[in-house]
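> Have a peek at model.cif (mmCIF, C-alpha atoms).
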```
data_my_file
#
loop_
_atom_site.label_atom_id
_atom_site.label_comp_id
_atom_site.auth_asym_id
_atom_site.auth_seq_id
_atom_site.Cartn_x
_atom_site.Cartn_y
_atom_site.Cartn_z
CA MET P 75 0.00 0.00 0.00
CA GLY P 76 1.51 3.34 -1.01
CA THR P 77 2.01 6.32 1.27
CA THR P 78 1.53 10.00 0.59
CA THR P 79 3.29 12.94 2.10
CA SER P 80 2.04 16.45 2.59
CA GLU P 81 4.22 19.46 2.29
CA TRP P 82 3.16 22.36 4.55
CA THR P 83 4.06 25.85 3.53
CA ALA P 84 3.73 29.24 5.25
CA ALA P 85 0.73 29.95 3.08
CA ASP P 86 -1.22 27.21 4.85
CA PHE P 87 -0.98 29.13 8.17
CA VAL P 88 -2.14 32.46 6.80
CA PRO P 89 -5.89 31.91 7.41
CA GLU P 90 -5.24 30.93 11.05
CA ARG P 91 -3.02 33.96 11.56
CA HIS P 92 -5.61 36.19 9.96
CA ARG P 93 -8.31 34.79 12.23
CA GLY P 94 -6.19 35.66 15.26
CA ARG P 95 -5.60 39.18 14.04
CA HIS P 96 -9.31 39.53 13.24
CA LEU P 97 -10.23 38.51 16.81
CA THR P 98 -7.81 40.97 18.40
CA PHE P 99 -9.12 43.67 16.05
CA TRP P 100 -12.68 43.14 17.26
CA CYS P 101 -11.68 42.91 20.94
CA ALA P 102 -9.81 46.21 20.69
CA GLY P 103 -12.78 47.80 18.93
CA LEU P 104 -15.19 46.67 21.65
CA LEU P 105 -12.92 48.02 24.40
CA PHE P 106 -12.50 51.37 22.66
CA THR P 107 -16.24 51.61 22.00
CA ALA P 108 -17.13 51.01 25.66
CA VAL P 109 -14.57 53.52 26.89
CA SER P 110 -15.64 56.06 24.25
CA VAL P 111 -19.27 55.91 25.40
CA VAL P 112 -18.30 56.62 29.02
CA VAL P 113 -15.81 59.34 28.06
CA GLY P 114 -18.41 60.88 25.78
CA CYS P 115 -20.95 61.06 28.60
CA ARG P 116 -18.32 62.55 30.92
CA THR P 117 -17.54 65.17 28.26
CA ALA P 118 -21.24 65.91 27.77
CA ASP P 119 -21.68 66.31 31.56
CA THR P 120 -24.34 63.63 31.81
CA ASP P 121 -24.67 60.40 33.77
CA ALA P 122 -26.90 58.94 31.04
CA VAL P 123 -28.34 55.49 31.74
CA THR P 124 -27.10 52.08 32.90
CA PRO P 125 -24.30 51.01 32.63
CA VAL P 126 -22.76 54.48 32.29
CA PRO P 127 -23.32 55.69 35.91
CA GLN P 128 -21.85 52.49 37.27
CA LEU P 129 -18.78 52.73 35.02
CA LEU P 130 -18.32 56.44 35.73
CA ALA P 131 -17.74 55.57 39.39
CA PHE P 132 -14.51 53.86 38.36
CA PHE P 133 -13.54 56.39 35.69
CA PRO P 134 -9.75 56.47 36.36
CA TRP P 135 -9.54 52.71 35.88
CA LEU P 136 -10.77 53.07 32.29
CA LEU P 137 -7.08 53.59 31.54
CA ALA P 138 -6.70 49.79 31.91
CA PRO P 139 -9.08 48.71 29.08
CA THR P 140 -7.75 51.57 26.94
CA GLY P 141 -4.18 50.34 27.43
CA LEU P 142 -5.24 46.75 26.67
CA GLY P 143 -7.01 47.93 23.54
CA LEU P 144 -3.85 49.69 22.38
CA LEU P 145 -1.82 46.51 22.83
CA LEU P 146 -4.38 44.53 20.84
CA ALA P 147 -4.46 47.17 18.12
CA LEU P 148 -0.67 47.07 17.94
CA PHE P 149 -0.69 43.27 17.71
CA SER P 150 -3.27 43.32 14.92
CA ARG P 151 -1.56 46.23 13.17
CA TRP P 152 -4.79 48.23 13.27
CA ARG P 153 -3.69 51.77 12.60
CA VAL P 154 -7.11 53.35 13.09
CA GLY P 155 -7.36 51.57 16.44
CA LEU P 156 -3.99 52.91 17.52
CA VAL P 157 -5.10 56.45 16.71
CA TRP P 158 -8.45 55.85 18.45
CA GLY P 159 -6.80 54.55 21.63
CA VAL P 160 -4.27 57.36 21.81
CA ALA P 161 -7.08 59.88 21.28
CA LEU P 162 -8.95 58.41 24.28
CA LEU P 163 -5.95 58.91 26.57
CA GLY P 164 -6.27 62.70 26.32
CA PRO P 165 -9.76 63.14 27.82
CA LEU P 166 -9.12 60.35 30.31
CA ALA P 167 -6.06 62.18 31.65
CA TRP P 168 -7.91 65.52 31.60
CA PHE P 169 -10.95 64.32 33.55
CA ILE P 170 -8.90 62.41 36.12
CA GLU P 171 -7.76 65.80 37.41
CA PRO P 172 -9.70 66.85 40.57
CA TYR P 173 -12.94 68.71 39.96
CA GLY P 174 -14.12 71.82 41.79
CA LYS P 175 -12.70 74.86 43.48
CA SER P 176 -9.86 74.62 45.98
CA GLY P 177 -9.15 78.13 47.25
CA GLU P 178 -8.56 79.01 50.89
CA PRO P 179 -10.79 81.38 52.89
CA GLY P 180 -9.22 84.77 53.52
CA GLY P 181 -10.33 85.57 57.06
CA PRO P 182 -8.77 84.31 60.31
CA ALA P 183 -9.80 80.95 61.78
CA ILE P 184 -12.42 81.35 64.51
CA ALA P 185 -13.16 77.68 65.29
CA GLU P 186 -11.61 74.29 64.65
CA LEU P 187 -13.40 70.98 64.54
CA ARG P 188 -12.83 67.34 63.64
CA VAL P 189 -15.47 65.62 61.52
CA LEU P 190 -15.91 61.89 60.97
CA THR P 191 -18.25 60.17 58.52
CA SER P 192 -18.75 56.41 58.34
CA ASN P 193 -21.14 54.00 56.66
CA VAL P 194 -21.36 51.03 59.01
CA GLU P 195 -23.26 48.74 56.58
CA PHE P 196 -26.54 47.87 58.29
CA GLY P 197 -24.94 48.61 61.66
CA ARG P 198 -22.43 45.75 61.39
CA GLY P 199 -19.40 48.05 61.56
CA THR P 200 -20.52 49.79 64.76
CA GLY P 201 -18.18 47.71 66.92
CA SER P 202 -15.22 48.87 64.80
CA LEU P 203 -16.39 52.48 64.76
CA VAL P 204 -16.62 52.84 68.54
CA PRO P 205 -12.85 52.55 69.25
CA VAL P 206 -12.13 54.92 66.34
CA ILE P 207 -14.36 57.57 67.91
CA ARG P 208 -12.69 57.03 71.29
CA ARG P 209 -9.21 57.28 69.79
CA GLU P 210 -9.72 60.15 67.35
CA ARG P 211 -12.18 62.18 69.46
CA PRO P 212 -14.12 63.84 66.63
CA ASP P 213 -16.40 66.78 67.39
CA VAL P 214 -19.12 65.77 64.91
CA VAL P 215 -19.84 62.27 63.62
CA PHE P 216 -22.10 61.35 60.70
CA VAL P 217 -23.05 57.65 60.65
CA GLU P 218 -24.94 56.11 57.74
CA GLU P 219 -26.84 52.82 57.92
CA CYS P 220 -26.94 53.18 61.70
CA GLU P 221 -29.98 51.15 62.71
CA TYR P 222 -31.54 50.69 66.15
CA THR P 223 -28.67 48.79 67.80
CA CYS P 224 -26.06 51.11 66.32
CA GLN P 225 -27.86 54.20 67.61
CA ALA P 226 -28.32 52.67 71.05
CA THR P 227 -24.59 51.81 71.18
CA LEU P 228 -23.51 55.33 70.25
CA ARG P 229 -25.92 56.83 72.78
CA ARG P 230 -24.62 54.54 75.53
CA ASP P 231 -20.90 54.89 74.78
CA PHE P 232 -20.75 58.58 73.85
CA GLY P 233 -23.57 60.16 75.80
CA THR P 234 -21.03 62.33 77.62
CA GLN P 235 -18.39 62.91 74.93
CA LEU P 236 -20.92 63.60 72.16
CA PRO P 237 -24.18 64.33 73.97
CA TYR P 238 -26.14 65.97 71.14
CA ARG P 239 -27.76 63.97 68.36
CA GLN P 240 -30.14 64.21 65.44
CA ALA P 241 -31.28 60.93 63.93
CA VAL P 242 -33.61 59.12 61.59
CA VAL P 243 -34.49 56.06 63.64
CA ALA P 244 -35.08 53.10 61.34
CA ALA P 245 -33.94 49.56 60.59
CA GLY P 246 -31.22 48.42 58.23
CA SER P 247 -29.78 50.93 55.79
CA HIS P 248 -32.56 53.44 56.45
CA GLY P 249 -31.29 54.61 59.85
CA SER P 250 -28.72 57.38 60.17
CA ILE P 251 -27.49 59.68 62.92
CA ILE P 252 -25.44 62.81 63.60
CA ILE P 253 -23.80 63.02 67.04
CA SER P 254 -21.96 66.09 68.23
CA ARG P 255 -20.21 67.78 71.13
CA PHE P 256 -21.78 71.03 69.92
CA PRO P 257 -25.43 71.79 70.71
CA LEU P 258 -27.71 70.86 67.82
CA LYS P 259 -31.01 72.28 66.65
CA GLY P 260 -32.77 69.75 64.47
CA THR P 261 -33.96 70.55 60.96
CA LYS P 262 -36.24 68.59 58.66
CA GLY P 263 -33.22 67.18 56.85
CA VAL P 264 -33.36 66.03 53.23
CA THR P 265 -36.06 63.65 52.07
CA GLY P 266 -34.75 60.35 50.79
CA THR P 267 -35.39 56.64 50.69
CA MET P 268 -32.74 56.24 53.39
CA GLY P 269 -32.50 58.55 56.38
CA MET P 270 -30.73 61.88 55.87
CA PRO P 271 -31.04 63.92 59.11
CA GLY P 272 -29.97 67.53 59.37
CA ALA P 273 -29.23 70.04 62.12
CA VAL P 274 -27.77 73.45 62.87
CA ALA P 275 -24.81 73.25 65.26
CA ASP P 276 -23.71 76.00 67.62
CA VAL P 277 -19.94 75.87 67.00
CA ASP P 278 -18.45 78.17 69.62
CA GLY P 279 -21.23 80.68 69.03
CA HIS P 280 -21.33 80.32 65.25
CA PRO P 281 -24.24 78.55 63.47
CA VAL P 282 -23.15 75.77 61.13
CA ARG P 283 -25.54 73.77 58.97
CA LEU P 284 -24.96 70.01 59.22
CA GLN P 285 -26.54 67.62 56.75
CA LEU P 286 -25.99 63.89 56.42
CA ALA P 287 -25.94 62.55 52.85
CA HIS P 288 -27.05 59.05 51.93
CA PRO P 289 -28.89 58.91 48.59
CA MET P 290 -29.80 55.62 46.99
CA PRO P 291 -27.02 53.96 44.96
CA PRO P 292 -27.27 54.00 41.15
CA LEU P 293 -28.42 50.42 40.76
CA PRO P 294 -29.58 49.55 37.23
CA ASN P 295 -33.27 49.89 38.08
CA GLN P 296 -33.04 53.08 40.17
CA VAL P 297 -30.70 55.50 38.41
CA GLY P 298 -33.52 58.04 38.19
CA LEU P 299 -34.14 57.84 41.95
CA TRP P 300 -30.41 58.18 42.64
CA ARG P 301 -30.28 61.29 40.45
CA ARG P 302 -33.34 62.85 42.13
CA GLU P 303 -31.99 62.32 45.64
CA LEU P 304 -28.64 63.85 44.71
CA GLY P 305 -30.64 66.73 43.25
CA ARG P 306 -32.31 67.25 46.63
CA LEU P 307 -28.89 67.41 48.27
CA ARG P 308 -27.90 70.02 45.70
CA THR P 309 -31.03 72.02 46.56
CA PHE P 310 -30.05 71.91 50.23
CA ALA P 311 -26.51 73.03 49.42
CA ALA P 312 -27.73 75.99 47.37
CA ALA P 313 -30.53 77.03 49.73
CA ASP P 314 -28.46 79.09 52.21
CA PRO P 315 -25.12 80.23 50.77
CA THR P 316 -24.42 82.59 53.69
CA THR P 317 -24.43 80.07 56.57
CA PRO P 318 -21.36 77.83 57.00
CA THR P 319 -22.25 74.32 55.87
CA VAL P 320 -20.93 70.78 56.30
CA LEU P 321 -22.57 68.18 54.04
CA ALA P 322 -21.12 64.74 54.78
CA GLY P 323 -21.79 61.07 54.29
CA ASP P 324 -22.01 58.30 51.73
CA PHE P 325 -23.00 60.06 48.50
CA ASN P 326 -22.97 56.88 46.40
CA SER P 327 -21.29 59.03 43.76
CA SER P 328 -17.88 60.36 42.85
CA GLN P 329 -16.54 63.50 41.22
CA ASP P 330 -16.96 61.74 37.87
CA HIS P 331 -20.76 61.79 38.23
CA ALA P 332 -22.51 64.84 36.82
CA ALA P 333 -25.13 64.76 39.61
CA PHE P 334 -22.38 65.02 42.24
CA ARG P 335 -20.51 67.75 40.38
CA ARG P 336 -23.68 69.84 40.40
CA ILE P 337 -23.52 69.77 44.21
CA LEU P 338 -19.94 71.04 44.04
CA ASP P 339 -21.07 73.71 41.58
CA THR P 340 -23.10 75.34 44.37
CA GLY P 341 -19.76 76.39 45.89
CA LEU P 342 -19.12 73.49 48.26
CA ARG P 343 -15.61 72.05 48.33
CA ASP P 344 -14.48 68.51 48.96
CA ALA P 345 -12.40 68.34 52.15
CA ALA P 346 -10.40 65.32 50.96
CA ARG P 347 -9.46 67.16 47.78
CA LEU P 348 -8.45 70.26 49.78
CA ALA P 349 -6.25 68.06 51.98
CA GLY P 350 -4.54 66.37 49.03
CA HIS P 351 -6.60 63.15 48.69
CA PRO P 352 -8.86 63.74 45.67
CA ARG P 353 -8.84 60.13 44.45
CA THR P 354 -8.31 58.02 47.58
CA ALA P 355 -10.79 55.13 47.41
CA SER P 356 -13.39 54.68 50.14
CA TRP P 357 -15.49 51.85 48.60
CA PRO P 358 -15.70 48.87 48.14
CA GLU P 359 -13.17 48.34 50.89
CA ARG P 360 -13.86 44.64 51.35
CA LEU P 361 -13.63 43.53 47.71
CA LEU P 362 -11.50 46.02 45.79
CA PRO P 363 -9.60 48.27 48.22
CA THR P 364 -6.98 49.19 45.63
CA PHE P 365 -9.27 49.62 42.64
CA GLY P 366 -12.17 51.29 44.39
CA THR P 367 -13.71 54.73 44.17
CA GLN P 368 -14.23 57.68 46.49
CA ILE P 369 -17.94 57.97 47.25
CA ASP P 370 -17.70 59.04 50.91
CA HIS P 371 -17.21 62.79 51.19
CA VAL P 372 -17.16 65.75 53.56
CA LEU P 373 -18.21 68.83 51.60
CA LEU P 374 -17.59 72.29 53.01
CA SER P 375 -18.80 75.79 52.27
CA PRO P 376 -16.07 78.32 51.36
CA ASP P 377 -15.95 79.48 55.01
CA PHE P 378 -13.92 76.36 55.85
CA SER P 379 -10.39 75.20 55.24
CA ALA P 380 -9.29 71.56 55.53
CA ASN P 381 -6.05 70.85 57.36
CA SER P 382 -5.99 67.06 56.98
CA ALA P 383 -8.00 64.10 55.75
CA ARG P 384 -7.56 60.42 56.56
CA PHE P 385 -9.41 57.37 55.26
CA LEU P 386 -9.65 54.75 58.01
CA ASP P 387 -10.16 51.01 57.58
CA LEU P 388 -12.99 49.49 59.61
CA ALA P 389 -13.95 45.86 60.02
CA ASP P 390 -17.40 44.53 59.09
CA THR P 391 -18.25 47.30 56.62
CA ASP P 392 -17.44 47.79 52.96
CA HIS P 393 -16.73 51.53 53.42
CA ARG P 394 -13.70 53.29 54.82
CA ALA P 395 -14.41 56.03 57.32
CA LEU P 396 -13.28 59.57 56.50
CA LEU P 397 -11.82 61.80 59.23
CA VAL P 398 -11.09 65.46 58.47
CA ASP P 399 -9.74 68.35 60.52
CA ILE P 400 -11.31 71.61 59.40
CA ALA P 401 -11.32 75.24 60.48
CA LEU P 402 -14.11 77.79 60.23
CA HIS P 403 -12.92 81.20 59.09
CA GLN P 404 -14.34 84.65 59.67
CA HIS P 405 -15.70 86.54 56.70
CA GLU P 406 -13.40 89.28 55.53
#
```
What would the structure in this file look like if it were written as structure tokens?

Amino acid sequence: MGTTTSEWTAADFVPERHRGRHLTFWCAGLLFTAVSVVVGCRTADTDAVTPVPQLLAFFPWLLAPTGLGLLLALFSRWRVGLVWGVALLGPLAWFIEPYGKSGEPGGPAIAELRVLTSNVEFGRGTGSLVPVIRRERPDVVFVEECEYTCQATLRRDFGTQLPYRQAVVAAGSHGSIIISRFPLKGTKGVTGTMGMPGAVADVDGHPVRLQLAHPMPPLPNQVGLWRRELGRLRTFAAADPTTPTVLAGDFNSSQDHAAFRRILDTGLRDAARLAGHPRTASWPERLLPTFGTQIDHVLLSPDFSANSARFLDLADTDHRALLVDIALHQHE
């Protein structure tokens, strides 16, 4: 029985090589398209619809798929893709820069205070928060998702150190509280699905508006609700531009969200940004501490300066606490 031999040449491998290049071409195109949509919405100053708000929260990390797309375009020798990817790097770098004003008040400091905000995730992180309050001795504490047990614990452990409180008493994520060493006069707060109490503090004889922020997160089926509740916080911020204001909490939004930037556009300034931490991640601490996003904020009216800001790790919650030292300045 005779035998046959086959002679393989380079031409026989061309289709396989072309298929590989075709696949990398399409993968690069999909990556660039996704990043372009998000960058386009950021440029247009809109949060658009799902999945754009969710991706905007992690805007700086869009550099990773852009870089991968460039490598794939290089591998597939796709010149248009190379130009496309390089063009995306410009707006990405531009928008990663901190947003909002950062000037210092001109008058002398007339009061200093330490502010702490912490989301304790359905009250589970309360046990980790208590020693932080004892150690750091803040003057005002905003606690989100502080349900019945959490509020009872804070009242028991800090009834002397921080005797004044304004709370929305509720279960689960709906409860929140402000505790303070300064006398508080309660306000109606801001209406929201989750509790957002408010108060006016007497800070060494100076009235200061305090408002806890905790709008709903931008889950796929409630982006409209998230946007409306951030809009209510913006209305609060703009309502009294003459009284010193501290708006603090879990905003479920970052500086890359248009709805959050509109709050900053009222004149409020982000204390972490003023203190040199504009992009330090605060969530999700448990899953992606390195690749997270900053959604916990302390926003200040222009009467305040920020001397320092620290993000603190807590057990049993997916948020880092934010501790800031601020000073209230006299109007010139």
> Translate the PyMOL selection byres ((chain P and resi 309) around 12), as applied to the file shown, into an explicit residue set as a list in words.
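Going through the file, the PyMOL selection byres ((chain P and resi 309) around 12) ends up selecting Gly263, Val264, Thr265, Gln285, Arg302, Glu303, Leu304, Gly305, Arg306, Leu307, Arg308, Phe310, Ala311, Ala312, Ala313, Asp314, Pro315, Leu321, Ala333, Phe334, Arg336, Ile337, Leu338, Asp339 and Thr340 of chain P.
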> Between CA of Trp158 (chain P) and CA of Pro352 (chain P), what distance in Å does the model show, to one decimal?
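Taking CA of Trp158 (chain P) and CA of Pro352 (chain P), their separation equals 28.3 Å.
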> When distances are computed from all atoms listed in the file, which of P:Gly155, P:Pro257, P:Gly199, P:Gly266 shows the smallest separation from Asp278 (chain P)?
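So, comparing all the options, the nearest one is P:Pro257.
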> If we count all atoms listed in the file, what is near Ser356 (chain P) at a cut-off of 8 Å, once residues fewer than 5 positions away on the same chain are taken out, given as JSON, numbers by chain?
{"P": [363, 366, 367, 368, 369, 370, 385, 393, 394, 395]}
> For C-alpha atoms, I'd like the residues from the last selection saved as a PDB file, in the frame of the given file.

```
ATOM      1  CA  PRO P 363      -9.600  48.270  48.220  1.00  0.00           C
ATOM      2  CA  GLY P 366     -12.170  51.290  44.390  1.00  0.00           C
ATOM      3  CA  THR P 367     -13.710  54.730  44.170  1.00  0.00           C
ATOM      4  CA  GLN P 368     -14.230  57.680  46.490  1.00  0.00           C
ATOM      5  CA  ILE P 369     -17.940  57.970  47.250  1.00  0.00           C
ATOM      6  CA  ASP P 370     -17.700  59.040  50.910  1.00  0.00           C
ATOM      7  CA  PHE P 385      -9.410  57.370  55.260  1.00  0.00           C
ATOM      8  CA  HIS P 393     -16.730  51.530  53.420  1.00  0.00           C
ATOM      9  CA  ARG P 394     -13.700  53.290  54.820  1.00  0.00           C
ATOM     10  CA  ALA P 395     -14.410  56.030  57.320  1.00  0.00           C
TER      11      ALA P 395
END
```
> Using CA of Thr227 (chain P) and CA of Glu186 (chain P) as the two end points, give the distance in Å to one decimal.
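Atom-to-atom, CA of Thr227 (chain P) to CA of Glu186 (chain P), that is 26.8 Å.
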> Restricting the calculation to all atoms listed in the file: of P:Gly103, P:Phe365, P:Ile253, P:Ala346, which residue gets closest to Ala138 (chain P)?
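Of P:Gly103, P:Phe365, P:Ile253, P:Ala346, the one nearest Ala138 (chain P), counting all atoms listed in the file, is P:Phe365.
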> Compare P:Arg198, P:Pro292, P:Val242, P:Arg208 by their minimum atom-to-atom distance to Cys224 (chain P), counting only C-alpha atoms, and give me the closest one.
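That would be P:Arg198, the residue with the smallest distance to Cys224 (chain P).
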> Please, what distance in Å, to one decimal, runs between CA of Asp330 (chain P) and CA of Ser382 (chain P)?
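Going from CA of Asp330 (chain P) over to CA of Ser382 (chain P), I get 22.7 Å.
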> Once N, CA and C atoms are restored for region 306-325 of chain P, what would the output be as a PDB file, in the coordinates of the input?

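This is the output file rebuild_33.pdb:
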```
ATOM      1  N   ARG P 306     -31.799  66.656  45.383  1.00  0.00           N
ATOM      2  CA  ARG P 306     -32.310  67.250  46.630  1.00  0.00           C
ATOM      3  C   ARG P 306     -31.152  67.718  47.516  1.00  0.00           C
ATOM      4  N   LEU P 307     -30.063  66.970  47.522  1.00  0.00           N
ATOM      5  CA  LEU P 307     -28.890  67.410  48.270  1.00  0.00           C
ATOM      6  C   LEU P 307     -28.315  68.696  47.666  1.00  0.00           C
ATOM      7  N   ARG P 308     -28.351  68.788  46.346  1.00  0.00           N
ATOM      8  CA  ARG P 308     -27.900  70.020  45.700  1.00  0.00           C
ATOM      9  C   ARG P 308     -28.798  71.184  46.098  1.00  0.00           C
ATOM     10  N   THR P 309     -30.100  70.966  46.150  1.00  0.00           N
ATOM     11  CA  THR P 309     -31.030  72.020  46.560  1.00  0.00           C
ATOM     12  C   THR P 309     -30.722  72.486  47.969  1.00  0.00           C
ATOM     13  N   PHE P 310     -30.440  71.534  48.868  1.00  0.00           N
ATOM     14  CA  PHE P 310     -30.050  71.910  50.230  1.00  0.00           C
ATOM     15  C   PHE P 310     -28.788  72.756  50.203  1.00  0.00           C
ATOM     16  N   ALA P 311     -27.785  72.323  49.447  1.00  0.00           N
ATOM     17  CA  ALA P 311     -26.510  73.030  49.420  1.00  0.00           C
ATOM     18  C   ALA P 311     -26.670  74.460  48.930  1.00  0.00           C
ATOM     19  N   ALA P 312     -27.569  74.669  47.965  1.00  0.00           N
ATOM     20  CA  ALA P 312     -27.730  75.990  47.370  1.00  0.00           C
ATOM     21  C   ALA P 312     -28.704  76.879  48.137  1.00  0.00           C
ATOM     22  N   ALA P 313     -29.441  76.301  49.104  1.00  0.00           N
ATOM     23  CA  ALA P 313     -30.530  77.030  49.730  1.00  0.00           C
ATOM     24  C   ALA P 313     -30.076  78.180  50.627  1.00  0.00           C
ATOM     25  N   ASP P 314     -28.905  78.074  51.264  1.00  0.00           N
ATOM     26  CA  ASP P 314     -28.460  79.090  52.210  1.00  0.00           C
ATOM     27  C   ASP P 314     -26.952  79.298  52.038  1.00  0.00           C
ATOM     28  N   PRO P 315     -26.551  80.067  51.041  1.00  0.00           N
ATOM     29  CA  PRO P 315     -25.120  80.230  50.770  1.00  0.00           C
ATOM     30  C   PRO P 315     -24.372  81.061  51.805  1.00  0.00           C
ATOM     31  N   THR P 316     -25.081  81.708  52.727  1.00  0.00           N
ATOM     32  CA  THR P 316     -24.420  82.590  53.690  1.00  0.00           C
ATOM     33  C   THR P 316     -24.062  81.897  54.997  1.00  0.00           C
ATOM     34  N   THR P 317     -24.716  80.779  55.324  1.00  0.00           N
ATOM     35  CA  THR P 317     -24.430  80.070  56.570  1.00  0.00           C
ATOM     36  C   THR P 317     -23.401  78.985  56.339  1.00  0.00           C
ATOM     37  N   PRO P 318     -22.347  78.913  57.157  1.00  0.00           N
ATOM     38  CA  PRO P 318     -21.360  77.830  57.000  1.00  0.00           C
ATOM     39  C   PRO P 318     -22.031  76.467  56.998  1.00  0.00           C
ATOM     40  N   THR P 319     -21.559  75.584  56.109  1.00  0.00           N
ATOM     41  CA  THR P 319     -22.250  74.320  55.870  1.00  0.00           C
ATOM     42  C   THR P 319     -21.263  73.163  55.801  1.00  0.00           C
ATOM     43  N   VAL P 320     -21.651  72.044  56.426  1.00  0.00           N
ATOM     44  CA  VAL P 320     -20.930  70.780  56.300  1.00  0.00           C
ATOM     45  C   VAL P 320     -21.942  69.737  55.820  1.00  0.00           C
ATOM     46  N   LEU P 321     -21.715  69.201  54.644  1.00  0.00           N
ATOM     47  CA  LEU P 321     -22.570  68.180  54.040  1.00  0.00           C
ATOM     48  C   LEU P 321     -21.712  66.926  53.912  1.00  0.00           C
ATOM     49  N   ALA P 322     -22.032  65.878  54.680  1.00  0.00           N
ATOM     50  CA  ALA P 322     -21.120  64.740  54.780  1.00  0.00           C
ATOM     51  C   ALA P 322     -21.875  63.430  54.769  1.00  0.00           C
ATOM     52  N   GLY P 323     -21.204  62.395  54.255  1.00  0.00           N
ATOM     53  CA  GLY P 323     -21.790  61.070  54.290  1.00  0.00           C
ATOM     54  C   GLY P 323     -21.380  60.219  53.111  1.00  0.00           C
ATOM     55  N   ASP P 324     -22.188  59.202  52.864  1.00  0.00           N
ATOM     56  CA  ASP P 324     -22.010  58.300  51.730  1.00  0.00           C
ATOM     57  C   ASP P 324     -22.891  58.816  50.599  1.00  0.00           C
ATOM     58  N   PHE P 325     -22.257  59.447  49.600  1.00  0.00           N
ATOM     59  CA  PHE P 325     -23.000  60.060  48.500  1.00  0.00           C
ATOM     60  C   PHE P 325     -23.333  59.062  47.397  1.00  0.00           C
TER      61      PHE P 325
END
```
